[in-house]
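Everything on this sheet refers to the single structure shown next.
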Amino acid sequence: MKYTVITGASSGIGYETALAFAARGKNLIIAARREEKLEELKAKIAELNADLDIIVRTVDLSNMDQVHQFYDDLKEYDIETWINNAGFGNFDPVGEQNLNKIQTMLHLNIEALTVLSSLYVRDYAQVEGTQLVNVSSGGGYTIVANAVTYCATKFYVSAFTEGLANELKAQGAKMQAKVLAPAATETEFAERSMDLDEFKYEGTIPQYHTAKEMAGFMLDLYDSDKVVGIVDGYSYEFSLKDPIYPYVDRATR
C-alpha cells in the first residue's frame, strides 16, 4: 500500500490537495498542527471514498525535534509522493519585523522543508514513480515589497528544489523533484502573514486563485515531466516549465 504525504493539510492548498489526491484513489498521510481540522478532512475524505487509508499526524514542523520524529514515525509506510506544503508568510519592512515570528518562519519554510526533503530523497531516490513536490511561491521568483524575508525563504525553496531536480537527473535517479509556485491564493495565508483575524480576498485582491484551483495546478504539475509549475503574477496564468534558475555542473567546468 502506497501513500502520499501532505504537510500543512489542515487548510488552504494542502487541504484541497488532499481532496484532489484522494479523488484519484491515493492513500494519504495528512499532517499539520491542528488535529481537529485534520480529523474533519479525514471524515470528508471517508465520505468520498471509504476504502482509502487516511493517516493523521499532528506535528509542529517549526520544531526541529518534531520534524525528525515525524519522519521517523513514517518509516513503516511506503511513500510514493511527498508534498512539503506547510509554510507561512510575513508582511513587514525588514526593520520592523517581529523576529520571533521570523525565526519560526525560517524554521518552517526552510529548515523543516530541507530536512524532510533530504530524508525522503535519501530513502526513496531510486524508487520508481516517486515524487517530491515543494510548495514555493511567485515570491520565490520575484521579490515583493514589504515581504522581503518571506520571499527570501521561498527563493530558497525554489532554488533548492530546482537544484535537487537537476542533481537527481544527473544521478539517473528515479525520483522527480518539483516546485509549485502559486501567486495570491484564497487561503489563511494573508491572515497569518499580516496577523489579522479575518481577511477577505474578494474586493481586496484584484486577482487570485482559490485553493481548489491551486490543487488542480498541483495535479497538473504532478502529471507532467516538468520541474516548475508557476503562476504568472500579472496574467495569473499557470504554466509548466523546466528549471528557471541557472545550474552549473562542476563536472562540466
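Residues in the C-alpha cells are named by chain (A, B, ... in the order shown) and by number from 1 within that chain; ligands are numbered from 1 in the order shown.
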Practice task
Quick one: everything within 8 Å of Ser137 (chain A), counting only C-alpha atoms, minus sequence neighbours fewer than 6 positions away in the same chain. Send it as number ranges by chain.
Solution key: A: 151, 154, 180-183, 230
Next, write the just-selected residues to a file, as a PDB file, in the first residue's frame, keeping C-alpha atoms as the atom set.
```
ATOM      1  CA  CYS A 151      10.300  35.941  -0.415  1.00  0.00           C
ATOM      2  CA  LYS A 154      10.732  30.970  -0.993  1.00  0.00           C
ATOM      3  CA  LEU A 180       4.874  24.653  -7.246  1.00  0.00           C
ATOM      4  CA  ALA A 181       4.870  28.457  -7.199  1.00  0.00           C
ATOM      5  CA  PRO A 182       1.403  29.958  -6.584  1.00  0.00           C
ATOM      6  CA  ALA A 183       0.526  33.633  -6.722  1.00  0.00           C
ATOM      7  CA  ILE A 230       4.280  28.612 -11.716  1.00  0.00           C
TER       8      ILE A 230
END
```
May I have all residues of region 28-85 of chain A that DSSP, computed from the backbone, assigns to strand (DSSP E), given as a short mmCIF file (atom, residue, chain, number, x, y, z; two decimals) with N, CA and C atoms, in the first residue's frame?
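As a result, out_20.cif now contains:
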```
data_model
loop_
_atom_site.label_atom_id
_atom_site.label_comp_id
_atom_site.auth_asym_id
_atom_site.auth_seq_id
_atom_site.Cartn_x
_atom_site.Cartn_y
_atom_site.Cartn_z
N LEU A 28 -3.47 8.57 2.02
CA LEU A 28 -2.83 9.81 2.45
C LEU A 28 -2.31 9.76 3.87
N ILE A 29 -1.22 10.50 4.07
CA ILE A 29 -0.75 10.84 5.41
C ILE A 29 -0.82 12.35 5.49
N ILE A 30 -1.77 12.86 6.26
CA ILE A 30 -2.00 14.30 6.33
C ILE A 30 -1.46 14.82 7.65
N ALA A 31 -0.70 15.92 7.58
CA ALA A 31 -0.01 16.42 8.76
C ALA A 31 -0.21 17.92 8.91
N ALA A 32 -0.34 18.37 10.15
CA ALA A 32 -0.45 19.79 10.48
C ALA A 32 -0.48 19.90 12.01
N ILE A 54 -6.41 6.83 5.50
CA ILE A 54 -6.01 8.21 5.79
C ILE A 54 -5.38 8.25 7.18
N ILE A 55 -4.09 8.56 7.22
CA ILE A 55 -3.34 8.63 8.47
C ILE A 55 -3.20 10.09 8.88
N VAL A 56 -3.55 10.40 10.12
CA VAL A 56 -3.45 11.77 10.66
C VAL A 56 -2.22 11.86 11.55
N ARG A 57 -1.43 12.90 11.31
CA ARG A 57 -0.26 13.16 12.15
C ARG A 57 -0.27 14.62 12.59
N THR A 58 -0.30 14.84 13.89
CA THR A 58 -0.25 16.19 14.43
C THR A 58 1.20 16.54 14.74
N ASP A 78 5.01 3.01 2.93
CA ASP A 78 5.65 3.11 1.61
C ASP A 78 5.14 4.42 0.99
N ILE A 79 6.02 5.41 0.88
CA ILE A 79 5.61 6.75 0.48
C ILE A 79 6.00 7.00 -0.98
N GLU A 80 5.00 7.15 -1.84
CA GLU A 80 5.28 7.36 -3.25
C GLU A 80 5.39 8.84 -3.60
N THR A 81 4.75 9.70 -2.82
CA THR A 81 4.79 11.14 -3.08
C THR A 81 4.88 11.89 -1.76
N TRP A 82 5.76 12.88 -1.72
CA TRP A 82 5.90 13.72 -0.51
C TRP A 82 5.70 15.16 -0.94
N ILE A 83 4.72 15.83 -0.34
CA ILE A 83 4.40 17.21 -0.67
C ILE A 83 4.66 18.09 0.55
N ASN A 84 5.72 18.90 0.48
CA ASN A 84 6.02 19.86 1.54
C ASN A 84 5.26 21.15 1.25
#
```
Do you have, as a Markdown table, the list of residues of region 117-232 of chain A lying at most 12 Å from region 4-22 of chain A, each with its nearest atom pair and that distance in Å to one decimal, counting only C-alpha atoms and ordered by chain then number?
```
| residue | atom | partner | partner_atom | distance |
| --- | --- | --- | --- | --- |
| A:Ser117 | CA | A:Val5 | CA | 11.6 |
| A:Tyr120 | CA | A:Val5 | CA | 10.7 |
| A:Gly129 | CA | A:Thr4 | CA | 11.9 |
| A:Thr130 | CA | A:Thr4 | CA | 9.7 |
| A:Gln131 | CA | A:Thr4 | CA | 9.4 |
| A:Leu132 | CA | A:Val5 | CA | 9.6 |
| A:Val133 | CA | A:Ile6 | CA | 9.5 |
| A:Asn134 | CA | A:Thr7 | CA | 10.1 |
| A:Val135 | CA | A:Ile13 | CA | 9.4 |
| A:Ser136 | CA | A:Ile13 | CA | 11.7 |
| A:Ser137 | CA | A:Ile13 | CA | 11.9 |
| A:Leu180 | CA | A:Ile13 | CA | 10.9 |
| A:Ala181 | CA | A:Ile13 | CA | 11.6 |
| A:Pro182 | CA | A:Ile13 | CA | 9.6 |
| A:Ala183 | CA | A:Ile13 | CA | 11.8 |
| A:Ala184 | CA | A:Ile13 | CA | 11.4 |
| A:Thr185 | CA | A:Ile13 | CA | 8.3 |
| A:Glu186 | CA | A:Gly12 | CA | 7.4 |
| A:Thr187 | CA | A:Gly12 | CA | 4.7 |
| A:Glu188 | CA | A:Gly12 | CA | 6.6 |
| A:Phe189 | CA | A:Gly12 | CA | 8.1 |
| A:Ala190 | CA | A:Gly12 | CA | 11.2 |
| A:Glu191 | CA | A:Gly12 | CA | 12.0 |
| A:His209 | CA | A:Ile13 | CA | 10.4 |
| A:Thr210 | CA | A:Ile13 | CA | 8.5 |
| A:Ala211 | CA | A:Ile13 | CA | 4.8 |
| A:Lys212 | CA | A:Glu16 | CA | 5.4 |
| A:Glu213 | CA | A:Glu16 | CA | 8.6 |
| A:Met214 | CA | A:Ile13 | CA | 6.4 |
| A:Ala215 | CA | A:Thr17 | CA | 4.7 |
| A:Gly216 | CA | A:Ala20 | CA | 7.3 |
| A:Phe217 | CA | A:Thr17 | CA | 9.5 |
| A:Met218 | CA | A:Thr17 | CA | 7.3 |
| A:Leu219 | CA | A:Ala20 | CA | 7.7 |
| A:Asp220 | CA | A:Ala20 | CA | 11.1 |
| A:Tyr222 | CA | A:Phe21 | CA | 10.2 |
| A:Asp223 | CA | A:Phe21 | CA | 11.7 |
```
Exercise for the section: Return the single residue from A:Val67, A:Leu221, A:Ala159, A:Ala112 that is closest to Leu240 (chain A), with distances computed using only C-alpha atoms. Expected result: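 Using only C-alpha atoms, Leu240 (chain A) sits closest to A:Leu221.
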Exercise for the section: Enumerate the residues of region 34-160 of chain A with a DSSP assignment of helix (DSSP H, G or I), computed from the backbone, and present them as a ChimeraX atom specification. Expected result: /A:35-48,64-72,94-96,99-124,138-140,148-160
Practice task
Give the answer as one residue: which of A:Glu198, A:Asp242, A:Glu36, A:Asp92 has the shortest atom-to-atom distance to Ala177 (chain A), using only C-alpha atoms?
Solution key: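 Closest to Ala177 (chain A) of all the choices is A:Asp242.
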Handout entry: Surrounding residues of Leu106 (chain A) excluding itself and chain neighbours under 6 positions, 12 Å, only C-alpha atoms, as a PyMOL selection string
Key = chain A and resi 61-64+86-90+99-100+112-114+149-154+156-157
Handout entry: Nearest to Gly172 (chain A) by atom-to-atom distance, counting only C-alpha atoms, from A:Gln207, A:Phe160, A:Asp123, A:Glu128
Key =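 Ranked by minimum distance to Gly172 (chain A), first place goes to A:Glu128.
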Practice task
Quick one: pull the distance between CA of Val59 (chain A) and CA of Tyr71 (chain A), Å, one decimal.
Solution key: 10.5 Å
Problem - Straight-line distance linking CA of Lys174 (chain A) with CA of Gly138 (chain A), stated in Å to one decimal - result: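 Between CA of Lys174 (chain A) and CA of Gly138 (chain A) the gap is 27.6 Å.
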Practice task
Kindly indicate which residue among A:Ala43, A:Ile110, A:Val94, A:Leu74 lies nearest to Asn146 (chain A), using only C-alpha atoms for the distances.
Solution key: A:Val94
Exercise for the section: Enter the distance from CA of Phe238 (chain A) to CA of Ser224 (chain A), in Å, rounded to one decimal. Expected result: 13.2 Å
Handout entry: A:Lys241, A:Leu52, A:Asn98, A:Leu116 ranked by distance to Asn85 (chain A), top pick (using only C-alpha atoms)
Key =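 The shortest atom-to-atom distance to Asn85 (chain A) comes from A:Leu116.
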